[in-house]
Every structure is written in C-alpha cells, then in structure tokens.
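K.L.:
So here's input-v1.cif (mmCIF, C-alpha atoms).
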data_query
#
loop_
_atom_site.label_atom_id
_atom_site.label_comp_id
_atom_site.auth_asym_id
_atom_site.auth_seq_id
_atom_site.Cartn_x
_atom_site.Cartn_y
_atom_site.Cartn_z
CA MET A 174 -25.33 1.21 -15.36
CA ASN A 175 -25.75 -1.11 -18.36
CA SER A 176 -22.89 0.60 -20.21
CA ILE A 177 -20.65 0.29 -17.14
CA LEU A 178 -21.40 -3.41 -16.84
CA THR A 179 -20.84 -3.91 -20.58
CA ASP A 180 -17.48 -2.13 -20.41
CA LEU A 181 -16.38 -4.23 -17.43
CA GLU A 182 -17.42 -7.46 -19.15
CA THR A 183 -15.53 -6.40 -22.28
CA ALA A 184 -12.45 -5.60 -20.19
CA GLN A 185 -12.62 -9.03 -18.54
CA THR A 186 -13.12 -10.92 -21.80
CA GLU A 187 -10.39 -9.04 -23.69
CA HIS A 188 -8.04 -8.67 -20.68
CA LEU A 189 -7.96 -4.88 -21.01
CA LEU A 190 -6.31 -2.52 -18.55
CA VAL A 191 -8.99 -0.15 -17.19
CA ASN A 192 -9.45 2.91 -15.04
CA ILE A 193 -12.51 2.90 -12.79
CA TYR A 194 -13.84 6.29 -11.67
CA GLN A 195 -16.22 6.75 -8.74
CA GLU A 196 -19.29 8.90 -8.21
CA ALA A 197 -18.33 10.25 -4.78
CA GLN A 198 -14.54 9.84 -4.47
CA GLU A 199 -11.59 11.13 -6.49
CA VAL A 200 -9.60 7.90 -6.15
CA VAL A 201 -9.17 6.14 -9.50
CA TYR A 202 -8.54 2.39 -9.50
CA THR A 203 -6.41 0.95 -12.31
CA GLY A 204 -6.09 -2.73 -13.14
CA TYR A 205 -7.57 -5.82 -14.74
CA VAL A 206 -11.07 -7.18 -14.07
CA ALA A 207 -10.85 -10.39 -12.04
CA THR A 208 -14.59 -11.02 -11.93
CA VAL A 209 -17.81 -9.07 -12.49
CA ASN A 210 -21.55 -9.59 -12.21
CA ASP A 211 -24.57 -7.31 -12.35
CA THR A 212 -23.97 -5.85 -8.85
CA ALA A 213 -20.20 -5.61 -8.33
CA VAL A 214 -16.71 -6.00 -9.77
CA VAL A 215 -13.39 -7.17 -8.34
CA LEU A 216 -10.35 -5.53 -9.91
CA ASN A 217 -6.72 -6.66 -9.61
CA THR A 218 -5.11 -3.28 -9.03
CA TYR A 219 -1.75 -1.72 -9.89
CA ASP A 220 0.12 1.10 -8.18
CA ASP A 221 1.77 4.13 -9.81
CA GLY A 222 5.01 2.19 -10.19
CA GLY A 223 3.35 -0.43 -12.38
CA LEU A 224 3.28 -3.15 -9.73
CA ARG A 225 0.38 -5.34 -8.60
CA ASP A 226 -1.00 -3.85 -5.42
CA GLY A 227 -3.78 -6.13 -4.26
CA ALA A 228 -7.43 -6.02 -5.27
CA VAL A 229 -10.51 -3.88 -4.85
CA TYR A 230 -14.21 -4.77 -4.68
CA LEU A 231 -16.58 -2.07 -5.95
CA ALA A 232 -20.35 -2.07 -6.03
CA LEU A 233 -21.38 -1.05 -9.56
CA ALA A 234 -23.60 1.65 -8.06
CA VAL A 235 -20.55 3.70 -6.98
CA ILE A 236 -18.89 3.63 -10.43
CA SER A 237 -19.32 6.69 -12.63
CA GLU A 238 -17.12 5.65 -15.56
CA VAL A 239 -15.00 2.79 -16.88
CA GLU A 240 -12.14 3.94 -19.10
CA LEU A 241 -10.90 1.35 -21.59
CA ASP A 242 -8.28 3.40 -23.44
CA GLY A 243 -6.52 6.75 -23.31
CA GLN A 244 -3.16 8.31 -22.57
CA ASP A 245 -3.29 7.57 -18.86
CA LEU A 246 -3.75 3.85 -19.52
CA THR A 247 -0.98 3.93 -22.15
CA ASN A 248 1.33 5.45 -19.54
CA MET A 249 0.35 2.81 -16.98
CA ALA A 250 0.89 -0.01 -19.49
CA PHE A 251 4.41 1.37 -20.02
CA ARG A 252 5.01 1.35 -16.26
CA ILE A 253 3.75 -2.22 -15.87
CA LYS A 254 6.06 -3.37 -18.65
CA ASN A 255 8.96 -1.37 -17.21
CA ALA A 256 8.43 -2.84 -13.72
CA GLN A 257 8.80 -6.31 -15.23
CA LEU A 258 11.91 -5.38 -17.24
CA GLU A 259 13.57 -3.64 -14.29
CA GLN A 260 12.63 -6.54 -11.98
CA PHE A 261 11.02 -4.24 -9.45
CA ILE A 262 10.46 -5.69 -6.00
CA LYS A 263 6.91 -6.94 -5.72
CA LEU A 264 4.52 -8.93 -3.60
CA THR A 265 2.34 -11.48 -5.38
CA PRO A 266 -1.14 -11.55 -3.79
CA GLN A 267 -2.96 -14.84 -3.32
CA LYS A 268 -5.56 -15.57 -5.97
CA LEU A 269 -9.12 -14.76 -4.95
CA ASP A 270 -11.73 -17.31 -6.10
CA PHE A 271 -15.25 -16.28 -7.08
CA ASN A 272 -18.38 -17.67 -8.67
CA ASP A 273 -19.82 -14.70 -10.54
CA HIS A 274 -23.30 -16.26 -10.51
CA PHE A 275 -23.56 -15.44 -6.79
CA ASP A 276 -23.08 -12.27 -4.76
CA LEU A 277 -19.40 -11.38 -4.76
CA LEU A 278 -19.35 -9.60 -1.39
CA PRO A 279 -20.11 -12.61 0.88
CA GLN A 280 -17.55 -14.68 -1.05
CA LEU A 281 -14.91 -11.99 -0.60
CA LEU A 282 -15.62 -11.54 3.10
CA GLN A 283 -15.43 -15.27 3.76
CA GLN A 284 -12.04 -15.50 2.06
CA ALA A 285 -10.88 -12.44 4.03
CA LEU A 286 -12.00 -14.14 7.26
CA ASN A 287 -10.26 -17.41 6.37
CA GLN A 288 -7.00 -15.70 5.37
CA GLN A 289 -7.25 -12.88 7.96
CA TYR A 290 -6.65 -10.18 5.38
CA PHE A 291 -6.32 -6.65 6.72
CA MET A 292 -8.68 -4.50 4.65
CA LEU A 293 -10.02 -1.01 4.02
CA LEU A 294 -13.82 -0.75 3.93
CA ILE A 295 -15.69 2.26 2.55
CA LEU A 296 -19.31 2.52 3.62
CA GLY A 297 -22.52 4.40 2.87
CA ASN A 298 -22.01 7.52 0.80
CA GLY A 299 -18.23 7.10 0.73
CA GLU A 300 -17.60 9.23 3.82
CA THR A 301 -17.03 6.39 6.32
CA PHE A 302 -13.70 4.58 6.14
CA MET A 303 -12.44 1.83 8.42
CA GLU A 304 -9.43 -0.46 8.34
CA GLY A 305 -9.26 -3.81 10.07
CA SER A 306 -9.62 -7.57 9.87
CA ILE A 307 -12.82 -9.64 9.75
CA GLN A 308 -13.90 -11.34 12.97
CA HIS A 309 -17.30 -12.74 12.03
CA VAL A 310 -19.56 -12.93 8.98
CA THR A 311 -23.32 -13.59 8.83
CA THR A 312 -25.73 -13.47 5.92
CA ASP A 313 -26.44 -9.79 6.60
CA THR A 314 -23.53 -8.40 8.64
CA VAL A 315 -19.79 -8.47 9.11
CA THR A 316 -17.91 -7.72 12.34
CA VAL A 317 -14.60 -5.91 11.88
CA ASN A 318 -11.76 -5.53 14.37
CA VAL A 319 -10.97 -1.91 13.52
CA PHE A 320 -7.37 -0.70 13.82
CA ASP A 321 -6.41 2.97 13.54
CA LYS A 322 -2.76 3.18 12.48
CA PHE A 323 -2.59 6.79 13.66
CA ASP A 324 -4.08 6.21 17.11
CA PHE A 325 -3.64 2.79 18.73
CA SER A 326 -5.93 3.76 21.62
CA THR A 327 -9.12 3.65 19.54
CA GLN A 328 -9.26 -0.05 18.57
CA ARG A 329 -12.77 -1.53 18.64
CA LEU A 330 -15.13 -4.11 17.18
CA VAL A 331 -17.69 -2.74 14.71
CA THR A 332 -20.58 -4.62 13.12
CA VAL A 333 -21.55 -3.41 9.65
CA ALA A 334 -24.51 -4.30 7.42
CA LEU A 335 -23.34 -5.87 4.17
CA SER A 336 -25.74 -3.57 2.32
CA ASP A 337 -23.71 -0.55 3.55
CA ILE A 338 -20.41 -1.75 2.06
CA GLN A 339 -19.51 -0.01 -1.20
CA ILE A 340 -15.77 -0.62 -1.60
CA ILE A 341 -13.19 -2.97 -0.08
CA GLU A 342 -9.44 -2.75 -0.68
CA LEU A 343 -7.31 -5.75 0.30
CA GLN A 344 -3.98 -7.52 -0.29
CA GLY A 345 -2.13 -4.29 -1.12
CA LYS A 346 1.42 -3.76 0.12
CA GLU A 347 0.59 -1.26 2.86
CA LEU A 348 -2.49 -3.18 4.03
CA THR A 349 -0.46 -6.41 4.13
CA LEU A 350 2.23 -4.76 6.27
CA VAL A 351 -0.32 -3.21 8.64
CA GLY A 352 -1.93 -6.64 9.02
CA LYS A 353 1.44 -8.17 9.81
CA TYR A 354 2.05 -5.45 12.41
CA VAL A 355 -1.34 -6.06 14.02
CA ARG A 356 -0.75 -9.82 14.23
CA GLU A 357 2.88 -9.81 15.35
CA VAL A 358 3.27 -6.78 17.63
CA ALA A 359 1.43 -7.22 20.89
CA PRO A 360 0.43 -5.18 22.70
CA LYS A 361 0.18 -2.14 20.41
CA GLN A 362 1.35 0.42 22.95
CA HIS A 363 -0.21 3.82 22.34
CA LEU A 364 2.20 6.74 22.48
CA ASP A 365 1.27 10.36 23.00
CA THR A 366 2.18 12.37 19.93
CA VAL A 367 5.12 14.75 20.37
CA ASP A 368 4.95 17.78 18.04
CA PHE A 369 7.12 20.86 17.59
CA THR A 370 5.90 24.02 15.87
CA VAL A 371 8.35 26.77 16.94
CA PRO A 372 10.97 27.27 14.17
CA LEU A 373 13.94 27.50 16.56
CA VAL A 374 12.89 24.33 18.38
CA ILE A 375 12.22 22.55 15.08
CA GLY A 376 15.82 23.25 14.08
CA GLN A 377 17.08 21.84 17.40
CA GLN A 378 14.96 18.71 17.01
CA LEU A 379 16.18 18.21 13.45
CA ARG A 380 19.77 18.17 14.72
CA LEU A 381 18.86 15.56 17.32
CA ALA A 382 17.02 13.48 14.72
CA GLN A 383 20.02 13.65 12.39
CA LYS A 384 22.40 12.56 15.13
CA GLY A 385 20.25 9.57 16.07
CA GLN A 386 19.00 8.86 12.52
CA GLU A 387 15.51 8.92 13.96
CA LEU A 388 12.37 8.72 11.86
CA VAL A 389 10.25 11.90 11.90
CA MET A 390 7.03 13.21 10.33
CA ILE A 391 7.17 16.57 8.54
CA TYR A 392 4.12 18.74 7.84
CA THR A 393 4.49 21.72 5.49
CA GLY A 394 0.84 22.80 5.66
CA ASN A 395 -2.18 22.64 7.90
CA ASP A 396 -3.57 19.46 6.31
CA ASP A 397 -3.06 16.49 8.65
CA ASP A 398 -3.43 14.06 5.74
CA ASN A 399 -0.35 15.34 3.89
CA PHE A 400 3.04 14.80 5.44
CA PHE A 401 6.48 13.34 4.80
CA VAL A 402 8.14 10.56 6.79
CA GLY A 403 11.91 10.26 6.72
CA THR A 404 15.34 10.71 8.26
CA VAL A 405 17.56 13.79 8.15
CA ASN A 406 20.33 13.43 5.57
CA THR A 407 21.83 16.93 5.47
CA LEU A 408 21.10 19.97 7.62
CA ASN A 409 22.23 23.58 7.87
CA GLN A 410 20.82 26.77 9.33
CA GLU A 411 18.27 27.36 6.57
CA THR A 412 17.56 24.04 4.84
CA VAL A 413 17.10 20.35 5.60
CA LEU A 414 17.31 17.41 3.20
CA PHE A 415 15.41 14.23 4.05
CA ASN A 416 15.67 10.63 2.91
CA LEU A 417 11.98 9.86 2.54
CA ILE A 418 10.15 6.64 3.41
CA ASP A 419 6.97 5.85 1.48
CA MET A 420 3.78 4.39 2.95
CA ASN A 421 5.10 0.86 2.32
CA GLY A 422 8.25 1.49 4.36
CA GLN A 423 10.52 1.68 1.31
CA PHE A 424 12.91 4.43 0.25
CA GLY A 425 10.84 7.14 -1.43
CA GLY A 426 13.47 9.57 -2.75
CA TYR A 427 14.70 12.89 -1.35
CA VAL A 428 13.10 16.19 -0.46
CA LEU A 429 14.89 19.46 0.28
CA LEU A 430 12.97 21.95 2.44
CA ARG A 431 13.57 25.39 3.82
CA ILE A 432 13.26 24.93 7.56
CA ASP A 433 10.79 27.79 7.87
CA GLU A 434 8.46 25.83 5.54
CA ILE A 435 8.00 23.16 8.23
CA GLN A 436 4.77 23.92 10.06
CA ARG A 437 5.01 20.94 12.38
CA LEU A 438 7.65 18.32 13.18
CA THR A 439 6.53 15.09 14.88
CA THR A 440 9.18 13.00 16.61
CA GLN A 441 6.92 10.50 18.42
CA ALA A 442 3.65 9.00 17.20
CA ASP A 443 1.86 5.69 16.82
CA TYR A 444 2.30 5.90 13.06
CA LEU A 445 6.07 6.24 13.45
CA GLN A 446 6.10 3.09 15.61
CA MET A 447 4.42 1.21 12.80
CA MET A 448 6.73 2.64 10.14
CA GLN A 449 9.75 1.47 12.14
CA PHE A 450 8.25 -2.02 11.99
CA PHE A 451 7.78 -1.67 8.21
CA LEU A 452 11.43 -0.70 7.83
CA LYS A 453 12.54 -3.70 9.88
CA VAL A 454 10.41 -6.12 7.85
CA ASN A 455 11.61 -4.65 4.54
CA ARG A 456 15.26 -4.94 5.60
CA GLN A 457 14.68 -8.60 6.45
CA ARG A 458 13.04 -9.19 3.06
CA HIS A 459 15.57 -7.06 1.14
CA PHE A 460 12.69 -4.81 0.05
CA VAL A 461 14.38 -1.57 1.14
CA LYS A 462 14.15 0.18 -2.25
CA GLN A 463 13.43 -0.39 -5.89
CA PRO A 464 16.62 -1.27 -7.83
CA VAL A 465 16.56 1.91 -9.94
CA LEU A 466 16.77 4.21 -6.89
CA ASN A 467 19.86 5.31 -4.95
CA ASP A 468 19.35 5.77 -1.20
CA GLU A 469 23.02 6.39 -0.40
CA ARG A 470 23.63 9.84 -1.88
CA LEU A 471 25.73 12.31 0.09
CA PHE A 472 25.27 16.09 -0.05
CA ASP A 473 27.36 19.13 0.88
CA GLY A 474 25.41 21.16 3.41
CA THR A 475 27.87 24.07 3.14
CA THR A 476 26.58 24.88 -0.35
CA ASP A 477 23.23 26.21 -1.55
CA LEU A 478 21.57 22.85 -2.12
CA PHE A 479 18.64 24.35 -4.00
CA ALA A 480 21.04 25.88 -6.54
CA SER A 481 23.30 22.85 -6.87
CA LEU A 482 20.44 20.34 -7.22
CA ILE A 483 18.63 22.45 -9.81
CA GLN A 484 21.86 22.85 -11.77
CA GLN A 485 22.46 19.07 -11.68
CA SER A 486 18.90 18.44 -12.83
CA ARG A 487 19.37 20.90 -15.72
CA VAL A 488 22.64 19.32 -16.87
CA PHE A 489 21.35 15.74 -16.70
CA ALA A 490 17.76 16.52 -17.76
CA ARG A 491 16.28 15.09 -14.55
CA VAL A 492 12.65 15.36 -13.47
CA ILE A 493 12.10 17.25 -10.21
CA ARG A 494 9.10 18.52 -8.25
CA LEU A 495 9.07 22.11 -6.95
CA ARG A 496 6.77 23.91 -4.55
CA LEU A 497 6.92 27.63 -3.89
CA ARG A 498 7.12 29.06 -0.39
CA HIS A 499 3.86 29.04 1.59
CA ASP A 500 1.98 27.62 -1.41
CA PRO A 501 0.48 24.10 -1.67
CA ALA A 502 0.69 23.98 -5.49
CA THR A 503 3.49 21.88 -6.99
CA PHE A 504 5.23 21.94 -10.37
CA ILE A 505 6.81 18.85 -11.96
CA GLY A 506 9.29 19.24 -14.77
CA ILE A 507 12.85 19.45 -16.07
CA PRO A 508 14.94 22.62 -15.62
CA LEU A 509 15.64 24.20 -19.00
CA ARG A 510 17.61 27.23 -17.84
CA PHE A 511 19.15 28.38 -14.58
CA ASP A 512 21.29 31.51 -14.20
CA GLY A 513 21.90 31.14 -10.47
CA ASP A 514 18.72 33.01 -9.62
CA LEU A 515 15.97 32.44 -12.19
CA VAL A 516 14.86 28.86 -12.83
CA THR A 517 12.88 28.01 -15.97
CA LEU A 518 11.09 24.68 -15.70
CA ARG A 519 9.70 22.72 -18.62
CA LEU A 520 6.47 21.40 -17.17
CA ILE A 521 5.59 17.71 -17.39
CA ASN A 522 1.98 16.60 -17.75
CA SER A 523 0.02 13.75 -19.31
CA SER A 524 0.59 15.16 -22.81
CA GLU A 525 4.31 14.44 -22.52
CA THR A 526 3.94 11.03 -24.10
CA ASP A 527 1.66 12.11 -26.95
CA ASP A 528 3.01 12.19 -30.47
CA ASP A 529 2.77 15.95 -30.85
CA ASP A 530 4.98 18.61 -32.36
CA GLY A 531 6.79 19.60 -29.20
CA PHE A 532 6.17 22.14 -26.46
CA GLU A 533 5.27 25.80 -26.57
CA ALA A 534 6.20 28.60 -24.20
CA GLU A 535 3.10 27.98 -22.08
CA ASP A 536 4.61 24.62 -21.10
CA GLN A 537 7.30 26.54 -19.22
CA VAL A 538 7.28 28.42 -15.94
CA SER A 539 9.97 30.49 -14.21
CA PHE A 540 10.71 31.12 -10.53
CA SER A 541 13.36 32.94 -8.56
CA LEU A 542 15.51 30.59 -6.50
CA ASP A 543 14.51 32.27 -3.23
CA SER A 544 10.82 31.70 -3.94
CA ILE A 545 11.23 27.91 -3.93
CA GLY A 546 10.36 26.26 -0.61
CA GLU A 547 10.56 22.58 -1.51
CA LEU A 548 12.43 20.44 -4.05
CA ALA A 549 11.81 16.69 -4.41
CA PHE A 550 14.02 14.48 -6.58
CA ASP A 551 15.21 10.92 -7.21
CA TYR A 552 11.82 9.46 -6.31
CA LEU A 553 10.26 6.60 -8.26
CA ASP A 554 7.60 8.55 -10.14
CA ALA A 555 10.23 11.07 -11.30
CA TYR A 556 12.42 8.22 -12.59
CA LEU A 557 9.51 6.59 -14.44
CA THR A 558 8.30 9.86 -15.98
CA GLU A 559 11.82 10.72 -17.09
CA ARG A 560 12.36 7.26 -18.57
CA GLN A 561 9.14 7.37 -20.58
CA ILE A 562 9.88 10.84 -21.94
CA LYS A 563 13.38 9.79 -22.98
CA GLU A 564 12.10 6.60 -24.60
CA ASN A 565 9.74 8.72 -26.69
CA GLY A 566 12.64 10.94 -27.73
CA ASP A 567 11.30 14.11 -26.14
CA ILE A 568 14.57 14.89 -24.32
#
I'd like the structure from this file rewritten - as structure tokens, please.

P.N.:
Amino acid sequence: MNSILTDLETAQTEHLLVNIYQEAQEVVYTGYVATVNDTAVVLNTYDDGGLRDGAVYLALAVISEVELDGQDLTNMAFRIKNAQLEQFIKLTPQKLDFNDHFDLLPQLLQQALNQQYFMLLILGNGETFMEGSIQHVTTDTVTVNVFDKFDFSTQRLVTVALSDIQIIELQGKELTLVGKYVREVAPKQHLDTVDFTVPLVIGQQLRLAQKGQELVMIYTGNDDDNFFVGTVNTLNQETVLFNLIDMNGQFGGYVLLRIDEIQRLTTQADYLQMMQFFLKVNRQRHFVKQPVLNDERLFDGTTDLFASLIQQSRVFARVIRLRLRHDPATFIGIPLRFDGDLVTLRLINSSETDDDDGFEAEDQVSFSLDSIGELAFDYLDAYLTERQIKENGDI
C-alpha cells in the first residue's frame, strides 16, 4: 500500500501519465492524478483514442499496481498528442475540486449531487455495479437513482453505505450522454426486446433494416455483453456490411460479417432507443465522427467483399481485425500476402512500437478466405495503430 501511495504521489508531483491496475477487475485506468491521499485517488482518465474521458475515484485498497512507465504508456502518450494535433472532437469535463486533507469520497459525492452527474458506482468486492445520479448524501450513506440503460423497467432508488463504495466513474462521454437522456427524455418508455435467431429470418430483417436505415444490435456469440450496434450499408445473400456506432453514439468504423455468423439480431430494445438519442445529440453538436474517419464509403455487394477488402488492405498497408468462423478469438494486423484464397497477416501487438530488429515468422499467421467470419476496418483504433507504426518506420 505504501508503495502504491508513493507512486501516486510521485505521478501527481511530476505530472506523469499512469496506468492503475485493480485487484479484482481487469479494467485498467489510464490518466493523470488529480488528487490523492492515504485512502483514495482521483484520476483524470483518457480513452483509447487519447481523449479526456472524465474521471475515476478509486479506493487505494482496490489498487494492485501503479505503472509509471512502459510501452503501453508510451503508446497512450502518442495517442494523446495525436488527438491534439488531429483536433479530435472532445468534451472538456468540469474541474473537480478537492481538499486532500479530508476524505475524498464525500467531497466527490457532494459535487456529483450539486452538478447531477450520472455515474457508475462499483461496490463491495467489485461484483456490484450500478449507474445513476445522486439523490441524497449523508455522512454515512448515499441514495442513488439507478438507471439501467438496457432495461428501462427496472429503475429504482438504492441507498448505499459510503464504506461499500470502491470505485466511481463520472464525467465520461457515455455517462454524460446517458445523464442527458435521463434528464431530457420523459417518460423513459420501456420496450419489449425484439430478437431474431433463425438465419433465414435474420436475412429478411437485415433487408428491412437496410431499407429503413434502422439501427440494430448484432450478436455473433452467446455473450450478451459483446455486440455491435449499427446500420446496414451493403447486403447480399451471404454477407452483410455494417456502419458501426460506438458506445458514445459516434461512427465506429465498418464490420463485414457472414450472415450465418450472426447468432442474434435485435431490432427493438431500450438500448437502441437511447442510442438513437445519442445519434441525434451528436448530429446537433457536429460530433458524428472523428475527423480522420470516413463514414460515407460505398461498397459493391456483387463482389466478394472479404476478398476485395483484404486486397485493398494489403495494397495500402491498412490495419484490419479478423475473426475466424465460430471462434471468439480475433487477430489484428496488416495483410502481407493474399493469393485470392490464402491470407497471410502480419500481427500487430504492443511490441510494434519498440525499437527492435523487425518481425520474425511467428509474427505472421495465415488463414483461408472461407475460414474468415468477420472483418473490421476503418475504425479509430486501427487508424491510430497504423499511424504509430508508420511514424516509427515499420511499414
């Protein structure tokens, strides 16, 4: 604990970018220390694009490690600098004020109550999560108006002991938009979820969604936490290409799927209602996409899109993400060779930006074209990875 506190104090004094790792959760928080005392820290956090994304409060007891340097932080520093140079669209959170001689948690909760921040709270052993806004604060408890963005029918007031609160996320882009939705859309009308799982019916629904440019949710596995949201761009008998929307309601690149890879297609859900609101707000604010992305690409559905997109990526040395059929594992890289059937991918990992002597054969992997079930491209992380590699002269 003493070493963790010392590292956090050093990071604050020297304004160092840090990674904070947790004991019980895999989420890593990256940012600059806003304030710290002997019980907790508040970190100004950054997202994977290098943009400020709110703040997080962490009790020191949940922290397993504070990383002050390393390749991951070097990569993030590059992305922060790049986001400034490229003039990425950003939200600037309000400054949080603290006196580090007193408990940070009551100060944070009072500011959240005054400003009506929508927040994520993580309780106990890290297994209880709730999102909502603060209704009342006492010396020992806080009452939260809990809002479930996936099920509007379960809203409730919950009183929590301050001693149970381990982590609080606030002021981030998604949380800010959810808070705006909660305040401005009344009533939040719950909709029964409409799902389709039969392949033939999924194809029919995709055609209807394409015609109406309707937002849909796409599941390619049995995990309810992993899904795509988007609109149908191009469709044929075997494949569908989506314009994706990220969790902040901005353009998130493209994904090409074989239709038989779709396990479930959702055309109506509470979450889709909220995402439509996000899209509307972002259009009003001109926050539709980051300036380096192109959301207006057209594709020829009469061709083999897997083949043509892989060939384009090979010629222009573009980063793509592939997933094989009926397999959750993904591969990120740049196509080195493609003969119309066999694809050889140069894999991208954190060592890409090291000053090493190049890449060996084990950094490559080959697949047959027919074995590929999913291809994602032109998304922000691919652009940033590609840019960093090129800047280092690796391609």

K.L.:
Using only C-alpha atoms, which of A:Lys346, A:His188, A:Arg458, A:Arg437 sits nearest Pro266 in chain A?

P.N.:
A:Lys346

K.L.:
Which neighbours of Phe550 in chain A fall inside 7 Å, counting all atoms listed in the file, when residues of the same chain fewer than 5 positions from it are skipped, and could you give them as a ChimeraX atom specification?

P.N.:
/A:426-428,493-494,555

K.L.:
A:Tyr194, A:His499, A:Leu471, A:Ile505: which is nearest Leu233 in chain A, counting all atoms listed in the file?

P.N.:
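Answer, going by the shortest atom-to-atom distance: A:Tyr194.
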
K.L.:
For Val454 in chain A, which residue out of A:Thr475, A:Asn421, A:Thr404, A:Ser326 is the nearest one, using only C-alpha atoms?

P.N.:
A:Asn421

K.L.:
Go through A:Val209, A:Val315, A:Val405, A:Leu224 and flag the residue nearest Asp273 in chain A, using only C-alpha atoms for the distances.

P.N.:
A:Val209

K.L.:
Tell me which residues the PyMOL selection byres ((chain A and resi 500) around 10) grabs here, as a list in words.

P.N.:
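Checked against the file, the PyMOL selection byres ((chain A and resi 500) around 10) matches Thr393, Gly394, Glu434, Arg496, Leu497, Arg498, His499, Pro501, Ala502, Thr503, Ile545, Gly546 and Glu547 of chain A.
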
K.L.:
Can you pull out the residues contacting Leu246 in chain A? Cut-off 9 Å, using all atoms listed in the file, and skip same-chain residues under 5 positions away; I want them as a PyMOL selection string.

P.N.:
chain A and resi 190-192+203+240-241+251

K.L.:
Measuring atom to atom with only C-alpha atoms, identify which of A:Leu478, A:Leu364, A:Val492, A:Leu553 is nearest to Gly513 in chain A.

P.N.:
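Smallest separation from Gly513 in chain A among the options: A:Leu478.
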
K.L.:
Between CA of Gly227 in chain A and CA of Val461 in chain A, measure the distance and give it in Å to one decimal.

P.N.:
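Calculated distance between CA of Gly227 in chain A and CA of Val461 in chain A is 19.5 Å.
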
K.L.:
Which of these residues is nearest to His274 in chain A, using all atoms listed in the file: A:Asp226, A:Asp398, A:Asp211, A:Glu304?

P.N.:
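Of the candidates, the smallest distance to His274 in chain A is held by A:Asp211.
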
K.L.:
Find the residues around range 369-386 of chain A up to 8 Å (all atoms listed in the file counted), leave out those fewer than 5 positions away in its own chain, and share them as a list in words.

P.N.:
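Listed by chain and then number, they are Thr404, Val405, Asn406, Thr407, Leu408, Gln410, Ile432, Asp433, Ile435, Gln436, Arg437, Leu438 and Thr439 of chain A.
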